[in-house]
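J.: This structure is in structure tokens; I'll ask about it shortly.
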Amino acid sequence: MPPIAVPIVNRDLIDADASRTGPRRVLFLDRDGVINVNHGYVHAPEQTDWVPGIFDLARFARKAGFAIVVVTNQAGIARGYYDVGQFERYTRWIHDQFEREGASLLATYYCPHHPDAGIGDFRVACACRKPQPGLLLAAARDWRISLDSSVLVGDQPSDIEAAARAGVRTRFLVADGNFAAAQDWLTAAMEG
Ligand SMILES: [Mg+2]
Ligand SMILES: [Zn+2]
């Protein structure tokens, strides 16, 4: 089984959160179809259209005390459409945009594999490609996350299944930036 790919991490945010105590609550976000409109194998700023409402949701989560972690399948790497370096540069650009919007992302965890369409070492049945829970479990280990009190927003059944298998109790399947239910849940979580 290949190891989990090294995540892209926001070092500044770790320092800012250094004084916190207790386990983190996290808003897990899928990327394609939740953060950026899914045009297929998006990997550059000029291909990026934001899903309406995503920055509002992210700001809201931060205010409610949640860290934000992106968990994304990137079969485009496996297929050779773009490489890890391109993906990392693009991910840092996404992190910068969220920063500017006042909604810092803690980290992006990704799966570069595909079980049958991958090239070379990327062609592998891994434990991280959703619906497997590997990305979420790795994040939980790295950041002392309480999965039980965290939440995931995704646009595919495989996102929901990965979260369920990881033990994330609250999951929202959304289309076209329909984040209202997730936002309501965050409001309740903040008050409770
Ligand atoms: Mg998606
Ligand atoms: Zn994988």
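Residues are named by chain letter and number: chains run A, B, ... in the order of the structure tokens, numbers start at 1 in each chain, and ligands are numbered from 1 in the order shown.
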Show me which residues line ligand 1, defined as having an atom within 8 Å of a ligand atom where only C-alpha atoms and all ligand atoms count, and present them as a list in words.
T.: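 Within the 8 Å cut-off, the matching residues are Asp30, Arg31, Asp32, Gly33, Val34, Asn38, Thr72, Gly154, Asp155, Gln156 and Asp159 of chain A.
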J.: Atoms to include: C-alpha atoms. Write the selected residues as a PDB file, in the first residue's frame.
T.:
```
ATOM      1  CA  ASP A  30     -13.951  18.051  -1.223  1.00  0.00           C
ATOM      2  CA  ARG A  31     -12.314  20.230  -3.897  1.00  0.00           C
ATOM      3  CA  ASP A  32     -13.681  19.731  -7.430  1.00  0.00           C
ATOM      4  CA  GLY A  33     -17.364  20.607  -7.456  1.00  0.00           C
ATOM      5  CA  VAL A  34     -17.281  22.108  -3.947  1.00  0.00           C
ATOM      6  CA  ASN A  38     -15.543  20.838 -11.832  1.00  0.00           C
ATOM      7  CA  THR A  72      -9.324  15.514  -2.850  1.00  0.00           C
ATOM      8  CA  GLY A 154     -18.832  16.857  -0.795  1.00  0.00           C
ATOM      9  CA  ASP A 155     -20.541  16.594  -4.168  1.00  0.00           C
ATOM     10  CA  GLN A 156     -20.162  12.840  -4.783  1.00  0.00           C
ATOM     11  CA  ASP A 159     -17.058  11.755  -0.521  1.00  0.00           C
TER      12      ASP A 159
END
```
J.: From a DSSP calculation on the backbone, collect every residue of segment 70-133 of chain A in helix (DSSP H, G or I) and output the set as a PyMOL selection string.
T.: chain A and resi 75-78+84-100+120-122
J.: Residues of the last selection are to be written out with N, CA and C atoms, as a PDB file, in the first residue's frame.
T.:
```
ATOM      1  N   ALA A  75      -6.871  12.124  -9.698  1.00  0.00           N
ATOM      2  CA  ALA A  75      -6.503  11.113 -10.690  1.00  0.00           C
ATOM      3  C   ALA A  75      -5.777  11.737 -11.876  1.00  0.00           C
ATOM      4  N   GLY A  76      -5.887  13.052 -12.036  1.00  0.00           N
ATOM      5  CA  GLY A  76      -5.136  13.727 -13.097  1.00  0.00           C
ATOM      6  C   GLY A  76      -3.631  13.539 -12.945  1.00  0.00           C
ATOM      7  N   ILE A  77      -3.170  13.402 -11.696  1.00  0.00           N
ATOM      8  CA  ILE A  77      -1.745  13.108 -11.469  1.00  0.00           C
ATOM      9  C   ILE A  77      -1.465  11.678 -11.917  1.00  0.00           C
ATOM     10  N   ALA A  78      -2.307  10.748 -11.483  1.00  0.00           N
ATOM     11  CA  ALA A  78      -2.130   9.341 -11.865  1.00  0.00           C
ATOM     12  C   ALA A  78      -2.099   9.173 -13.382  1.00  0.00           C
ATOM     13  N   VAL A  84       2.923  16.306  -9.698  1.00  0.00           N
ATOM     14  CA  VAL A  84       2.773  16.676  -8.290  1.00  0.00           C
ATOM     15  C   VAL A  84       3.188  18.125  -8.064  1.00  0.00           C
ATOM     16  N   GLY A  85       4.265  18.548  -8.739  1.00  0.00           N
ATOM     17  CA  GLY A  85       4.728  19.927  -8.585  1.00  0.00           C
ATOM     18  C   GLY A  85       3.673  20.927  -9.032  1.00  0.00           C
ATOM     19  N   GLN A  86       3.063  20.677 -10.183  1.00  0.00           N
ATOM     20  CA  GLN A  86       1.986  21.564 -10.662  1.00  0.00           C
ATOM     21  C   GLN A  86       0.828  21.576  -9.692  1.00  0.00           C
ATOM     22  N   PHE A  87       0.465  20.391  -9.203  1.00  0.00           N
ATOM     23  CA  PHE A  87      -0.644  20.305  -8.257  1.00  0.00           C
ATOM     24  C   PHE A  87      -0.331  21.091  -6.988  1.00  0.00           C
ATOM     25  N   GLU A  88       0.899  20.962  -6.481  1.00  0.00           N
ATOM     26  CA  GLU A  88       1.266  21.670  -5.249  1.00  0.00           C
ATOM     27  C   GLU A  88       1.239  23.184  -5.464  1.00  0.00           C
ATOM     28  N   ARG A  89       1.749  23.642  -6.600  1.00  0.00           N
ATOM     29  CA  ARG A  89       1.728  25.090  -6.875  1.00  0.00           C
ATOM     30  C   ARG A  89       0.292  25.607  -6.949  1.00  0.00           C
ATOM     31  N   TYR A  90      -0.541  24.861  -7.642  1.00  0.00           N
ATOM     32  CA  TYR A  90      -1.940  25.268  -7.761  1.00  0.00           C
ATOM     33  C   TYR A  90      -2.627  25.260  -6.393  1.00  0.00           C
ATOM     34  N   THR A  91      -2.324  24.262  -5.584  1.00  0.00           N
ATOM     35  CA  THR A  91      -2.929  24.173  -4.255  1.00  0.00           C
ATOM     36  C   THR A  91      -2.494  25.343  -3.378  1.00  0.00           C
ATOM     37  N   ARG A  92      -1.227  25.731  -3.465  1.00  0.00           N
ATOM     38  CA  ARG A  92      -0.769  26.903  -2.692  1.00  0.00           C
ATOM     39  C   ARG A  92      -1.494  28.163  -3.155  1.00  0.00           C
ATOM     40  N   TRP A  93      -1.751  28.250  -4.446  1.00  0.00           N
ATOM     41  CA  TRP A  93      -2.515  29.393  -4.968  1.00  0.00           C
ATOM     42  C   TRP A  93      -3.937  29.380  -4.388  1.00  0.00           C
ATOM     43  N   ILE A  94      -4.573  28.233  -4.347  1.00  0.00           N
ATOM     44  CA  ILE A  94      -5.913  28.127  -3.740  1.00  0.00           C
ATOM     45  C   ILE A  94      -5.859  28.547  -2.268  1.00  0.00           C
ATOM     46  N   HIS A  95      -4.852  28.046  -1.545  1.00  0.00           N
ATOM     47  CA  HIS A  95      -4.708  28.431  -0.134  1.00  0.00           C
ATOM     48  C   HIS A  95      -4.588  29.956  -0.012  1.00  0.00           C
ATOM     49  N   ASP A  96      -3.809  30.565  -0.905  1.00  0.00           N
ATOM     50  CA  ASP A  96      -3.640  32.031  -0.876  1.00  0.00           C
ATOM     51  C   ASP A  96      -4.972  32.746  -1.097  1.00  0.00           C
ATOM     52  N   GLN A  97      -5.785  32.246  -2.004  1.00  0.00           N
ATOM     53  CA  GLN A  97      -7.072  32.892  -2.278  1.00  0.00           C
ATOM     54  C   GLN A  97      -7.984  32.814  -1.054  1.00  0.00           C
ATOM     55  N   PHE A  98      -7.985  31.674  -0.376  1.00  0.00           N
ATOM     56  CA  PHE A  98      -8.798  31.544   0.845  1.00  0.00           C
ATOM     57  C   PHE A  98      -8.281  32.470   1.939  1.00  0.00           C
ATOM     58  N   GLU A  99      -6.965  32.569   2.036  1.00  0.00           N
ATOM     59  CA  GLU A  99      -6.349  33.481   3.003  1.00  0.00           C
ATOM     60  C   GLU A  99      -6.851  34.906   2.779  1.00  0.00           C
ATOM     61  N   ARG A 100      -6.827  35.329   1.516  1.00  0.00           N
ATOM     62  CA  ARG A 100      -7.248  36.691   1.175  1.00  0.00           C
ATOM     63  C   ARG A 100      -8.724  36.901   1.455  1.00  0.00           C
ATOM     64  N   GLY A 120       2.625   4.064 -14.176  1.00  0.00           N
ATOM     65  CA  GLY A 120       3.752   3.732 -13.295  1.00  0.00           C
ATOM     66  C   GLY A 120       3.310   3.488 -11.864  1.00  0.00           C
ATOM     67  N   ASP A 121       4.028   4.110 -10.927  1.00  0.00           N
ATOM     68  CA  ASP A 121       3.765   3.884  -9.506  1.00  0.00           C
ATOM     69  C   ASP A 121       2.390   4.390  -9.068  1.00  0.00           C
ATOM     70  N   PHE A 122       1.784   5.267  -9.856  1.00  0.00           N
ATOM     71  CA  PHE A 122       0.478   5.828  -9.478  1.00  0.00           C
ATOM     72  C   PHE A 122      -0.669   4.857  -9.765  1.00  0.00           C
TER      73      PHE A 122
END
```
J.: Given the choices A:Ala139, A:Leu173, A:Ala127, A:Leu106, which gets closest to ligand 2 if the distance is worked out from only C-alpha atoms and all ligand atoms?
T.: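 Of A:Ala139, A:Leu173, A:Ala127, A:Leu106, the one nearest ligand 2, counting only C-alpha atoms and all ligand atoms, is A:Ala127.
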J.: What does the list of residues within 6 Å of ligand 2 look like if you count only C-alpha atoms and all ligand atoms, written as a ChimeraX atom specification?
T.: /A:111-113,126-129
J.: May I have all residues of segment 51-152 of chain A that DSSP, computed from the backbone, assigns to strand (DSSP E or B), given as a VMD selection string?
T.: chain A and resid 67 to 73 107 to 111 114 123 145 151 to 152
J.: Which distance in Å separates atom CA of Pro157 of chain A and atom CA of Glu191 of chain A, to one decimal?
T.: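 For atom CA of Pro157 of chain A relative to atom CA of Glu191 of chain A, the distance reads 29.1 Å.
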J.: Might you pull out every residue within 10 Å of Gln47 of chain A, with only C-alpha atoms counted and same-chain residues fewer than 6 positions away left off, and present them as a PyMOL selection string?
T.: chain A and resi 36-41
J.: Could you dump the residues just selected with C-alpha atoms as an mmCIF file, in the first residue's frame?
T.:
```
data_model
loop_
_atom_site.group_PDB
_atom_site.id
_atom_site.type_symbol
_atom_site.label_atom_id
_atom_site.label_comp_id
_atom_site.auth_asym_id
_atom_site.auth_seq_id
_atom_site.Cartn_x
_atom_site.Cartn_y
_atom_site.Cartn_z
ATOM 1 C CA ASN A 36 -13.911 25.069 -7.771
ATOM 2 C CA VAL A 37 -16.414 24.293 -10.492
ATOM 3 C CA ASN A 38 -15.543 20.838 -11.832
ATOM 4 C CA HIS A 39 -14.453 21.448 -15.422
ATOM 5 C CA GLY A 40 -12.455 18.199 -15.329
ATOM 6 C CA TYR A 41 -8.829 17.931 -14.166
#
```
J.: State, in Å with one decimal place, the distance from atom CA of Thr48 of chain A to atom CA of Ile4 of chain A.
T.: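 Atom CA of Ile4 of chain A lies 25.8 Å from atom CA of Thr48 of chain A.
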J.: Pick from A:Pro133, A:Asp56, A:Val6, A:Met1: nearest to Tyr109 of chain A, with only C-alpha atoms counted?
T.: A:Val6
J.: Have a look at A:Gly118, A:Gly167, A:Pro45, A:Gly53 and name the one nearest to Gln74 of chain A; count only C-alpha atoms.
T.: A:Gly118
J.: So, with only C-alpha atoms as the atoms that count, which of A:Arg79, A:Arg11, A:Arg165, A:Arg25 lies closest to Pro131 of chain A?
T.: A:Arg165
J.: By how many Å are atom CA of Pro52 of chain A and atom CA of Asp176 of chain A apart?
T.: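 So the answer is 7.3 Å.
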J.: Find, counting only C-alpha atoms, the residue in A:His43, A:Lys63, A:Arg141, A:Lys130 that gets nearest to Leu27 of chain A.
T.: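 Once distances to Leu27 of chain A are computed over only C-alpha atoms, the minimum belongs to A:Lys63.
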J.: Can you work out which one of A:Ala67, A:Ile119, A:Ile54, A:Val42 has the shortest atom-to-atom distance to Phe28 of chain A, counting only C-alpha atoms?
T.: A:Ala67
